[in-house]
Each structure stands twice: as structure tokens, then as C-alpha cells.
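Trainee: My structure is in input.csv, and what it holds is CSV, C-alpha atoms:
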```
chain,number,residue,atom,x,y,z
A,24,MET,CA,114.6,10.8,9.9
A,25,GLN,CA,111.6,9.2,11.7
A,26,GLU,CA,108.3,10.0,10.1
A,27,ARG,CA,106.2,12.5,12.1
A,28,GLN,CA,103.2,10.9,13.8
A,29,PRO,CA,100.6,13.5,14.8
A,30,GLY,CA,98.2,13.1,17.7
A,31,LEU,CA,98.1,11.7,21.2
A,32,ARG,CA,98.2,8.1,20.0
A,33,ALA,CA,101.7,8.6,18.8
A,34,LEU,CA,102.6,10.2,22.1
A,35,PHE,CA,101.7,7.2,24.2
A,36,THR,CA,102.7,4.5,21.8
A,37,GLY,CA,106.2,4.2,23.0
A,38,ALA,CA,105.9,5.2,26.7
A,39,LYS,CA,107.2,2.7,29.1
A,40,LEU,CA,109.1,2.5,32.4
A,41,SER,CA,112.8,2.0,32.1
A,42,GLY,CA,114.2,-0.1,35.0
A,43,GLY,CA,114.4,1.0,38.6
A,44,GLN,CA,115.1,4.7,37.8
A,45,GLN,CA,111.4,5.4,37.2
A,46,HIS,CA,112.2,7.1,34.0
A,47,PHE,CA,109.7,7.1,31.1
A,48,VAL,CA,111.0,6.4,27.7
A,49,VAL,CA,109.1,8.1,24.9
A,50,SER,CA,110.1,6.5,21.7
A,51,HIS,CA,107.9,8.5,19.3
A,52,ALA,CA,107.9,12.2,19.4
A,53,PRO,CA,104.5,13.7,18.6
A,54,ARG,CA,103.9,16.4,16.1
A,55,LEU,CA,102.0,18.5,18.6
A,56,GLY,CA,104.2,21.2,20.1
A,57,ASP,CA,107.5,22.1,18.6
A,58,LEU,CA,109.4,19.0,19.6
A,59,PRO,CA,111.9,18.1,16.9
A,60,CYS,CA,110.9,14.8,15.5
A,61,GLU,CA,114.4,13.7,14.5
A,62,VAL,CA,114.8,12.8,18.2
A,63,PRO,CA,113.3,9.3,18.2
A,64,GLU,CA,113.8,8.4,21.9
A,65,PHE,CA,114.6,10.3,25.0
A,66,GLU,CA,114.2,10.0,28.8
A,67,VAL,CA,112.2,12.2,31.2
A,68,GLU,CA,111.7,12.2,34.9
A,69,PRO,CA,108.1,11.0,36.0
A,70,ASN,CA,107.2,14.5,37.4
A,71,GLU,CA,108.4,16.1,34.2
A,72,LEU,CA,106.1,14.0,32.1
A,73,ASP,CA,102.9,16.0,32.8
A,74,LEU,CA,104.7,19.2,31.9
A,75,LEU,CA,106.1,17.7,28.8
A,76,ILE,CA,102.7,16.4,27.6
A,77,ASN,CA,101.0,19.7,28.4
A,78,SER,CA,103.6,21.5,26.4
A,79,TRP,CA,102.9,19.2,23.5
A,80,ILE,CA,99.1,19.4,23.5
A,81,ARG,CA,97.7,22.5,22.1
A,82,LEU,CA,94.1,22.1,21.0
A,83,PRO,CA,93.1,24.2,18.0
A,84,GLU,CA,90.9,27.1,19.1
A,85,LYS,CA,88.5,26.5,16.2
A,86,SER,CA,87.3,23.3,17.8
A,87,TYR,CA,85.4,25.4,20.3
A,88,VAL,CA,83.7,27.9,18.1
A,89,PRO,CA,80.2,28.4,19.6
A,90,VAL,CA,77.2,27.6,17.4
A,91,ARG,CA,73.6,28.8,17.7
A,92,GLU,CA,71.0,26.1,18.1
A,93,SER,CA,69.1,27.5,15.2
A,94,GLU,CA,72.1,27.0,13.0
A,95,LEU,CA,72.7,23.5,14.1
A,96,PRO,CA,70.4,21.7,11.6
A,97,GLN,CA,72.0,23.5,8.7
A,98,LEU,CA,75.5,22.7,9.9
A,99,LEU,CA,74.6,19.1,10.5
A,100,GLN,CA,73.0,18.9,7.0
A,101,ALA,CA,76.1,20.3,5.4
A,102,GLY,CA,78.4,18.1,7.6
A,103,PHE,CA,76.4,15.0,7.0
A,104,ALA,CA,75.4,15.5,3.4
A,105,ASP,CA,77.9,12.9,2.2
A,106,LEU,CA,76.8,10.5,4.9
A,107,VAL,CA,73.1,11.0,4.0
A,108,GLU,CA,73.9,10.4,0.3
A,109,ARG,CA,75.7,7.2,1.2
A,110,ILE,CA,72.8,6.0,3.4
A,111,GLU,CA,70.4,6.7,0.6
A,112,ALA,CA,72.6,4.8,-1.9
A,113,LEU,CA,72.8,1.9,0.6
A,114,SER,CA,69.0,2.0,1.1
A,115,GLY,CA,68.6,1.8,-2.7
A,116,ALA,CA,71.0,-1.1,-2.8
A,117,MET,CA,69.0,-2.8,0.0
A,118,ARG,CA,65.8,-2.4,-1.9
A,119,ARG,CA,67.3,-3.9,-5.0
A,120,LEU,CA,68.7,-6.8,-3.0
A,121,GLU,CA,65.3,-7.4,-1.4
A,122,GLN,CA,63.7,-7.5,-4.9
A,123,ARG,CA,66.4,-9.8,-6.1
A,124,LEU,CA,65.8,-12.0,-3.1
A,125,ILE,CA,62.1,-12.3,-3.9
A,126,GLU,CA,63.0,-13.2,-7.5
A,127,VAL,CA,65.4,-15.9,-6.3
A,128,GLU,CA,62.8,-17.3,-3.9
A,129,GLN,CA,60.2,-17.4,-6.7
A,130,ALA,CA,62.7,-19.1,-9.0
A,131,LEU,CA,63.5,-21.6,-6.3
A,132,ALA,CA,59.8,-22.3,-5.7
A,133,CYS,CA,59.7,-23.2,-9.4
A,134,GLU,CA,62.6,-25.5,-9.1
A,135,ALA,CA,61.5,-29.0,-8.4
A,136,ARG,CA,63.0,-31.4,-6.1
A,137,CYS,CA,63.5,-34.2,-8.6
A,138,ARG,CA,63.9,-37.9,-8.2
A,139,GLN,CA,63.4,-41.1,-10.1
A,140,GLY,CA,60.4,-43.4,-9.7
A,141,THR,CA,59.2,-46.5,-11.4
A,142,LEU,CA,55.9,-47.8,-12.8
A,143,TYR,CA,55.5,-51.5,-12.5
A,144,ASP,CA,52.0,-51.6,-14.0
A,145,LEU,CA,49.6,-49.4,-15.8
A,146,GLY,CA,46.8,-49.7,-13.3
A,147,THR,CA,44.6,-51.7,-15.7
A,148,GLU,CA,44.0,-55.3,-16.4
A,149,LYS,CA,44.0,-54.5,-20.1
A,150,TYR,CA,47.7,-53.8,-20.5
A,151,ARG,CA,50.8,-55.1,-19.0
A,152,LEU,CA,54.3,-53.6,-18.9
A,153,ARG,CA,57.0,-55.8,-20.3
A,154,GLN,CA,59.5,-54.0,-18.1
A,155,PRO,CA,59.3,-51.4,-15.4
A,156,LEU,CA,59.0,-47.9,-16.7
A,157,ALA,CA,61.2,-45.1,-15.3
A,158,VAL,CA,59.4,-41.9,-14.4
A,159,GLN,CA,60.6,-38.6,-13.2
A,160,LEU,CA,59.0,-37.3,-10.0
A,161,GLU,CA,59.1,-33.6,-9.4
A,162,GLU,CA,58.0,-32.2,-6.1
A,163,TYR,CA,57.0,-28.5,-5.9
A,164,ASP,CA,55.6,-26.5,-3.0
A,165,GLU,CA,52.0,-27.0,-4.0
A,166,GLU,CA,52.0,-30.0,-6.4
A,167,ALA,CA,53.7,-33.2,-7.3
A,168,VAL,CA,54.3,-33.9,-11.0
A,169,ALA,CA,55.1,-37.4,-12.5
A,170,ARG,CA,56.6,-37.2,-16.0
A,171,ILE,CA,58.0,-39.4,-18.6
A,172,PRO,CA,60.0,-36.9,-20.7
A,173,GLU,CA,60.5,-39.4,-23.6
A,174,LEU,CA,56.8,-39.6,-24.0
A,175,ASP,CA,55.9,-36.0,-23.3
A,176,VAL,CA,53.4,-37.2,-20.9
A,177,PHE,CA,52.8,-36.0,-17.4
A,178,ALA,CA,50.2,-35.9,-14.5
A,179,SER,CA,50.1,-33.8,-11.5
A,180,GLY,CA,48.5,-34.3,-8.1
A,181,THR,CA,48.8,-33.3,-4.5
A,182,THR,CA,51.2,-36.2,-3.7
A,183,ASP,CA,53.6,-38.4,-5.6
A,184,SER,CA,51.3,-41.4,-5.3
A,185,GLU,CA,48.4,-39.4,-6.8
A,186,ALA,CA,50.5,-38.2,-9.6
A,187,LEU,CA,51.8,-41.7,-10.4
A,188,GLN,CA,48.3,-43.1,-10.5
A,189,LEU,CA,47.1,-40.4,-12.9
A,190,LEU,CA,50.3,-40.9,-15.0
A,191,LYS,CA,49.4,-44.5,-15.5
A,192,CYS,CA,46.0,-43.4,-17.0
A,193,GLU,CA,47.8,-40.8,-19.2
A,194,VAL,CA,50.2,-43.5,-20.6
A,195,VAL,CA,47.3,-45.8,-21.4
A,196,THR,CA,45.4,-42.9,-23.1
A,197,LEU,CA,48.4,-41.9,-25.1
A,198,TYR,CA,49.0,-45.5,-26.2
A,199,GLU,CA,45.4,-46.0,-27.3
A,200,GLU,CA,45.4,-42.7,-29.2
A,201,LEU,CA,48.6,-43.5,-31.0
A,202,VAL,CA,47.5,-47.0,-31.9
A,203,ALA,CA,44.2,-45.6,-33.2
A,204,THR,CA,45.9,-43.1,-35.4
A,205,PRO,CA,47.3,-44.3,-38.8
A,206,ALA,CA,51.1,-44.2,-38.7
A,207,ALA,CA,51.1,-42.0,-41.8
A,208,ARG,CA,49.4,-39.3,-39.8
A,209,LEU,CA,52.0,-39.3,-37.0
A,210,GLY,CA,54.9,-36.9,-37.0
A,211,GLN,CA,58.4,-37.8,-35.9
A,212,ARG,CA,57.8,-37.4,-32.3
A,213,PRO,CA,54.5,-39.3,-32.0
A,214,LEU,CA,56.1,-42.1,-34.1
A,215,ALA,CA,58.9,-42.3,-31.6
A,216,TRP,CA,56.4,-42.5,-28.7
A,217,LEU,CA,54.6,-45.3,-30.4
A,218,ARG,CA,57.8,-47.3,-31.1
A,219,LEU,CA,58.7,-46.9,-27.4
A,220,LEU,CA,55.3,-47.9,-26.1
A,221,ASN,CA,55.0,-50.8,-28.5
A,222,GLY,CA,58.2,-52.1,-26.9
A,223,LEU,CA,57.0,-51.6,-23.4
A,224,ILE,CA,53.3,-52.5,-23.4
A,225,GLU,CA,51.6,-55.7,-24.3
A,226,VAL,CA,47.9,-56.4,-24.3
A,227,ALA,CA,47.1,-58.6,-21.4
A,228,LYS,CA,43.5,-59.3,-22.2
A,229,PRO,CA,41.8,-58.5,-25.5
A,230,ALA,CA,39.2,-55.7,-25.1
B,64,MET,CA,65.6,-15.1,-15.0
B,65,PRO,CA,62.3,-16.0,-16.6
B,66,SER,CA,59.9,-17.7,-14.2
B,67,LEU,CA,57.0,-20.1,-14.9
B,68,ARG,CA,55.3,-18.8,-11.8
B,69,ASN,CA,52.2,-16.6,-11.8
B,70,ILE,CA,51.0,-17.8,-15.2
B,71,LYS,CA,47.3,-17.2,-15.3
B,72,TYR,CA,45.1,-20.2,-16.0
B,73,ARG,CA,42.9,-18.1,-18.3
B,74,ASP,CA,45.9,-16.7,-20.2
B,75,LEU,CA,47.3,-20.2,-20.8
B,76,ILE,CA,44.1,-21.7,-22.0
B,77,THR,CA,43.5,-18.7,-24.3
B,78,ALA,CA,46.9,-19.1,-25.7
B,79,LEU,CA,46.6,-22.8,-26.3
B,80,GLU,CA,43.1,-22.6,-27.8
B,81,ASP,CA,43.3,-19.3,-29.7
B,82,LYS,CA,46.9,-19.1,-30.8
B,83,VAL,CA,47.9,-22.8,-31.1
B,84,GLY,CA,44.5,-23.9,-32.1
B,85,LEU,CA,44.1,-26.7,-29.7
B,86,ASP,CA,40.6,-28.1,-29.0
B,87,PHE,CA,40.5,-29.8,-25.6
B,88,ARG,CA,36.8,-30.8,-26.0
B,89,GLN,CA,37.6,-33.1,-28.9
B,90,GLY,CA,40.3,-35.3,-27.4
B,91,LYS,CA,40.0,-38.0,-24.9
B,92,GLU,CA,40.5,-36.9,-21.3
B,93,ARG,CA,42.1,-33.5,-21.3
B,94,ASN,CA,44.4,-33.9,-24.2
B,95,ALA,CA,44.6,-32.2,-27.5
B,96,LYS,CA,46.6,-32.9,-30.6
B,97,TYR,CA,48.5,-30.3,-32.6
B,98,GLU,CA,48.6,-31.1,-36.3
B,99,LEU,CA,50.6,-29.5,-39.1
B,100,ASN,CA,50.9,-30.7,-42.7
B,101,GLY,CA,48.4,-33.4,-42.0
B,102,LYS,CA,50.4,-35.0,-39.2
B,103,VAL,CA,50.2,-35.0,-35.5
B,104,ARG,CA,53.2,-33.1,-34.2
B,105,LEU,CA,52.4,-32.5,-30.5
B,106,ARG,CA,50.1,-33.6,-27.8
B,107,VAL,CA,49.2,-31.2,-25.0
B,108,THR,CA,47.5,-31.8,-21.7
B,109,ALA,CA,45.2,-29.1,-20.4
B,110,PRO,CA,46.1,-27.8,-17.0
B,111,LYS,CA,43.9,-28.5,-14.1
B,112,LYS,CA,42.2,-25.5,-12.7
B,113,HIS,CA,43.9,-24.7,-9.4
B,114,GLY,CA,43.0,-21.1,-8.4
B,115,ALA,CA,43.8,-18.3,-10.8
B,116,ASP,CA,47.4,-19.4,-11.5
B,117,VAL,CA,48.8,-22.5,-13.2
B,118,LEU,CA,51.1,-24.4,-10.8
B,119,PRO,CA,54.8,-24.2,-11.9
B,120,GLY,CA,55.3,-27.9,-12.3
B,121,THR,CA,52.3,-28.1,-14.6
B,122,ALA,CA,53.4,-25.1,-16.6
B,123,ARG,CA,56.8,-26.6,-17.0
B,124,ALA,CA,55.4,-29.9,-18.3
B,125,ILE,CA,53.1,-28.1,-20.8
B,126,ARG,CA,56.0,-26.1,-22.0
B,127,GLY,CA,57.8,-29.4,-22.7
B,128,GLN,CA,54.8,-30.7,-24.6
B,129,LEU,CA,54.7,-27.6,-26.7
B,130,ALA,CA,58.5,-28.1,-27.5
B,131,LEU,CA,59.2,-24.5,-26.4
B,132,GLY,CA,61.9,-23.0,-24.3
B,133,THR,CA,60.9,-21.1,-21.2
B,134,THR,CA,61.2,-17.6,-22.8
B,135,GLU,CA,59.2,-18.8,-25.9
B,136,PHE,CA,56.6,-20.3,-23.7
B,137,LEU,CA,56.2,-17.1,-21.8
B,138,ASP,CA,56.0,-15.1,-25.0
B,139,LEU,CA,53.2,-17.4,-26.2
B,140,VAL,CA,51.2,-17.0,-23.0
B,141,ASN,CA,51.9,-13.3,-22.6
B,142,CYS,CA,51.1,-12.3,-26.1
B,143,PRO,CA,54.3,-11.4,-28.0
B,144,MET,CA,54.3,-14.8,-29.8
B,145,THR,CA,51.4,-15.2,-32.3
B,146,GLY,CA,49.9,-18.4,-33.6
B,147,ALA,CA,51.9,-17.9,-36.7
B,148,GLY,CA,55.0,-17.5,-34.6
B,149,PHE,CA,54.3,-20.7,-32.8
B,150,GLU,CA,53.8,-22.5,-36.2
B,151,GLU,CA,57.1,-21.1,-37.3
B,152,VAL,CA,58.8,-22.7,-34.3
B,153,VAL,CA,57.2,-26.0,-35.0
B,154,ARG,CA,58.1,-25.9,-38.7
B,155,ARG,CA,61.7,-25.2,-37.8
B,156,LYS,CA,61.7,-28.3,-35.5
B,157,ILE,CA,60.1,-30.4,-38.1
B,158,GLN,CA,63.0,-29.4,-40.5
B,159,GLN,CA,65.4,-30.5,-37.8
B,160,GLY,CA,63.6,-33.8,-37.6
B,161,LEU,CA,62.5,-33.3,-34.1
B,162,LEU,CA,58.7,-33.3,-34.5
```
Would you mind writing the file out in C-alpha cells?

Mentor:
Amino acid sequence: MQERQPGLRALFTGAKLSGGQQHFVVSHAPRLGDLPCEVPEFEVEPNELDLLINSWIRLPEKSYVPVRESELPQLLQAGFADLVERIEALSGAMRRLEQRLIEVEQALACEARCRQGTLYDLGTEKYRLRQPLAVQLEEYDEEAVARIPELDVFASGTTDSEALQLLKCEVVTLYEELVATPAARLGQRPLAWLRLLNGLIEVAKPA
Amino acid sequence: MPSLRNIKYRDLITALEDKVGLDFRQGKERNAKYELNGKVRLRVTAPKKHGADVLPGTARAIRGQLALGTTEFLDLVNCPMTGAGFEEVVRRKIQQGLL
């Protein structure tokens, strides 16, 4: 048996003209009316179609129950309570997403656009680099930072160039501080800095 | 996700001077040494004053100089971590042969 398909949509789904006889073929019987649904397909004359459709369509009387205007808000409230609840839930979700977006934007602002740079000198006549020194350049929204992670030394400026210039001074200062400190007073990390710098820097002109 | 944004300059300087015990007036330029057991362990550069907040790149670099993770660094600046707590972190890293 064909499954019952209620509503007008089912009524017109299968309507089509059949050849030159001007007959309509209705392939899906609607549930409206008392038409037996086990008849999947039948033919009607064109002038009979209106009568047939009218006999099928019986709108429920309750659809037209009159409502006082004063009762309308209450009825709407009751009818749309679920909808209102869902809208509120969505609004809450939107607010949480907005907050999350702000957090992500802030986190991204903290994320640097990194690239490698190179120091070829230390900006002084006093010292010379035996080999170019790799530095990490980090560009943020409001500052540029030049770092040498192995030496825990950095400098910041408005531009990369400014940061690199300042970094040269920082490297020289670090080197002089380390050289001036007895090795016995240096911890593991400062000793590693000194070893690295001793290999990289040579005195160009005695002070 | 902990963020290094919105760190107050005053809070950072207070944490570095009062908790860690750094003295930026003694060192050359804007650097201070952190010593433990008679040895220099860390070297920290004071941030430049740039409005009320420390810029994130500078904060990140100082965090690295202090040998702290981001959460530990924020704890140090925002109070939960005490000076003794910081020392404990440094001692642990010394034992690991890192400092």
C-alpha cells in the first residue's frame, strides 16, 4: 500500500496531462477527504478536477477561531516562547563568540611576524665579529624586537633597523659584563653566553 | 590562552624589583643581574616605558630572560608567584643544569 501523503503538496505532485485526451493523471492520492489511498493512480476529466479537489480539501474549522486583540500578546508569547528561548540562547552564544573573537584578536596581536636577520658588525670600532651573527626579528603591531635567543639578549624599537642598532649595543654590553665578571661567579647560562661570544667577537682595537 | 598583552609597566617593574630583587640602577644601561648561591644566573633588561602597558614583544623577551613560561611569568607579575616561588623555579632549573 502506498504511504499516505497529507496536504496539498501531495495532491499536485503527480498531476500531469496524459496525451491528447486532456485527462489529468493524479498519481498520489491525498489524505484530505475520504479518498482511499490504496488507489495510487487514476484518471479524471479536466472539468471534474475542480470538484474532485474541492471534495478533498476540508480546512479544519479551528484555524479560524477569532481572537480578541487584547489576548494576542499572550497567545503570541505562549506560541513563541520556544522561539524566544532559542533566540536568547543564540544571543548568548553570539556574545560568547564575540568575546572569544576579541581574545583571539588579542592573542594574534601578541603573535609576532618573525623572520631571520643578520648582524655583520657590532656598531663599534672596538670589536669585530668573526662571523655574521644570526638574529631573530619579531614584528608586532606597535614595536619591532630583535633578539638573540641563545644569548637571552634583546632590543626593541619602532622599526627593525632601530631594534638591530640597539641590539648591537646590548651584545657589546653583555660581552663586556661577562668578561668583567670572574668565571667562578657565572652560572651555567652566563658561562654559555661567554663561550659563544668569545668565539664570535674579537677585539679590533685595544681600549 | 594566557596573553602577554595588557601587562602594566608599573606591575612588571614592581615584580622585578620587589619580588625578584633586581636593581636596575646598579647595572650598566638598563640591565640587572639575578644572582643565586653567589653566581649570576640571569640577566634581565628593564622594559622601556611606553604608555601604561608593556608592549607584548618586550614582555615576551623579558619572560625569556627570566626563564619562565607564560603562565609563570603572568603569575609573577600579577601576584600569585612570590619572590620565594620565583627562587624555587630558578633552583629547579639550576638542578637541571639550565642556569

Trainee: Excluding Arg106 of chain B and residues on its chain fewer than 6 positions from it, collect all residues at most 8 Å away from it, counting only C-alpha atoms, and give them as an MDAnalysis selection string.

Mentor: (chainID A and resid 175) or (chainID B and resid 94:97 128:129)

Trainee: Compare A:Gln154, A:Gln129, A:Ser184, A:Thr147 by their minimum atom-to-atom distance to chain B, counting all atoms listed in the file, and give me the closest one.

Mentor: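 Among the listed residues, A:Gln129 lies closest to chain B.
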
Trainee: Could I get the residues of chain A with an atom no further than 10 Å from an atom of chain B, each paired with its nearest atom pair and that distance in Å to one decimal, using all atoms listed in the file, sorted by chain and residue number, as a Markdown table?

Mentor:
```
| residue | atom | partner | partner_atom | distance |
| --- | --- | --- | --- | --- |
| A:Glu126 | CA | B:Met64 | CA | 8.2 |
| A:Val127 | CA | B:Met64 | CA | 8.7 |
| A:Gln129 | CA | B:Arg68 | CA | 7.2 |
| A:Ala130 | CA | B:Ser66 | CA | 6.1 |
| A:Leu131 | CA | B:Ser66 | CA | 9.5 |
| A:Ala132 | CA | B:Pro119 | CA | 8.2 |
| A:Cys133 | CA | B:Pro119 | CA | 5.6 |
| A:Glu134 | CA | B:Gly120 | CA | 8.3 |
| A:Ala135 | CA | B:Gly120 | CA | 7.4 |
| A:Glu161 | CA | B:Gly120 | CA | 7.4 |
| A:Glu162 | CA | B:Gly120 | CA | 8.0 |
| A:Tyr163 | CA | B:Gly120 | CA | 6.6 |
| A:Asp164 | CA | B:Pro119 | CA | 9.2 |
| A:Glu165 | CA | B:Leu118 | CA | 7.3 |
| A:Glu166 | CA | B:Gly120 | CA | 7.1 |
| A:Ala167 | CA | B:Gly120 | CA | 7.5 |
| A:Val168 | CA | B:Gly120 | CA | 6.2 |
| A:Ala169 | CA | B:Ala124 | CA | 9.5 |
| A:Arg170 | CA | B:Ala124 | CA | 7.7 |
| A:Ile171 | CA | B:Ala124 | CA | 9.9 |
| A:Pro172 | CA | B:Gly127 | CA | 8.1 |
| A:Leu174 | CA | B:Gln128 | CA | 9.1 |
| A:Asp175 | CA | B:Gln128 | CA | 5.6 |
| A:Val176 | CA | B:Gln128 | CA | 7.6 |
| A:Phe177 | CA | B:Ala124 | CA | 6.7 |
| A:Ala178 | CA | B:Thr121 | CA | 8.1 |
| A:Ser179 | CA | B:Thr121 | CA | 6.9 |
| A:Gly180 | CA | B:Lys111 | CA | 9.5 |
| A:Cys192 | CA | B:Glu92 | CA | 9.5 |
| A:Glu193 | CA | B:Glu92 | CA | 8.5 |
| A:Thr196 | CA | B:Lys91 | CA | 7.5 |
| A:Leu197 | CA | B:Arg106 | CA | 8.9 |
| A:Glu199 | CA | B:Lys91 | CA | 9.9 |
| A:Glu200 | CA | B:Lys91 | CA | 8.4 |
| A:Leu201 | CA | B:Val103 | CA | 9.7 |
| A:Thr204 | CA | B:Val103 | CA | 9.2 |
| A:Pro205 | CA | B:Lys102 | CA | 9.8 |
| A:Ala206 | CA | B:Lys102 | CA | 9.2 |
| A:Ala207 | CA | B:Lys102 | CA | 7.5 |
| A:Arg208 | CA | B:Lys102 | CA | 4.5 |
| A:Leu209 | CA | B:Val103 | CA | 4.9 |
| A:Gly210 | CA | B:Arg104 | CA | 5.0 |
| A:Gln211 | CA | B:Leu162 | CA | 4.7 |
| A:Arg212 | CA | B:Leu162 | CA | 4.7 |
| A:Pro213 | CA | B:Arg104 | CA | 6.7 |
| A:Leu214 | CA | B:Leu162 | CA | 9.2 |
| A:Ala215 | CA | B:Leu162 | CA | 9.5 |
```

Trainee: To one decimal place in Å, what is the distance between atom CA of Asp116 of chain B and atom CA of Ile70 of chain B?

Mentor: 5.4 Å

Trainee: Between atom CA of Ala115 of chain B and atom CA of Gly148 of chain B, what is the spacing in Å?

Mentor: 26.3 Å

Trainee: Near Arg73 of chain B, counting all atoms listed in the file, which residues have an atom at most 12 Å away, once you skip same-chain residues fewer than 5 positions from it, shown as a PDB file with C-alpha atoms, keeping the file's coordinate frame?

Mentor:
```
ATOM      1  CA  ALA B  78      46.900 -19.100 -25.700  1.00  0.00           C
ATOM      2  CA  LEU B  79      46.600 -22.800 -26.300  1.00  0.00           C
ATOM      3  CA  GLU B  80      43.100 -22.600 -27.800  1.00  0.00           C
ATOM      4  CA  ASP B  81      43.300 -19.300 -29.700  1.00  0.00           C
ATOM      5  CA  ALA B 109      45.200 -29.100 -20.400  1.00  0.00           C
ATOM      6  CA  PRO B 110      46.100 -27.800 -17.000  1.00  0.00           C
ATOM      7  CA  LYS B 111      43.900 -28.500 -14.100  1.00  0.00           C
ATOM      8  CA  LYS B 112      42.200 -25.500 -12.700  1.00  0.00           C
ATOM      9  CA  HIS B 113      43.900 -24.700  -9.400  1.00  0.00           C
ATOM     10  CA  GLY B 114      43.000 -21.100  -8.400  1.00  0.00           C
ATOM     11  CA  ALA B 115      43.800 -18.300 -10.800  1.00  0.00           C
ATOM     12  CA  ASP B 116      47.400 -19.400 -11.500  1.00  0.00           C
ATOM     13  CA  VAL B 117      48.800 -22.500 -13.200  1.00  0.00           C
ATOM     14  CA  VAL B 140      51.200 -17.000 -23.000  1.00  0.00           C
ATOM     15  CA  ASN B 141      51.900 -13.300 -22.600  1.00  0.00           C
TER      16      ASN B 141
END
```

Trainee: In Å, with one decimal, what is the gap from atom CA of Ile125 of chain A to atom CA of Ala186 of chain A?

Mentor: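 Answer for the atom CA of Ile125 of chain A to atom CA of Ala186 of chain A separation: 28.9 Å.
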
Trainee: Which residue out of A:Arg136, A:Arg218, A:Val88, A:Asp144 has the minimum interatomic distance to Leu160 of chain A when all atoms listed in the file are used?

Mentor: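 Looking at the shortest contact to Leu160 of chain A, the residue is A:Arg136.
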
Trainee: Give the answer as one residue: which of A:Gln122, A:Ser114, A:Asn77, A:Gln188 has the shortest atom-to-atom distance to Leu145 of chain A, using all atoms listed in the file?

Mentor: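 Ranking A:Gln122, A:Ser114, A:Asn77, A:Gln188 by distance to Leu145 of chain A, first place goes to A:Gln188.
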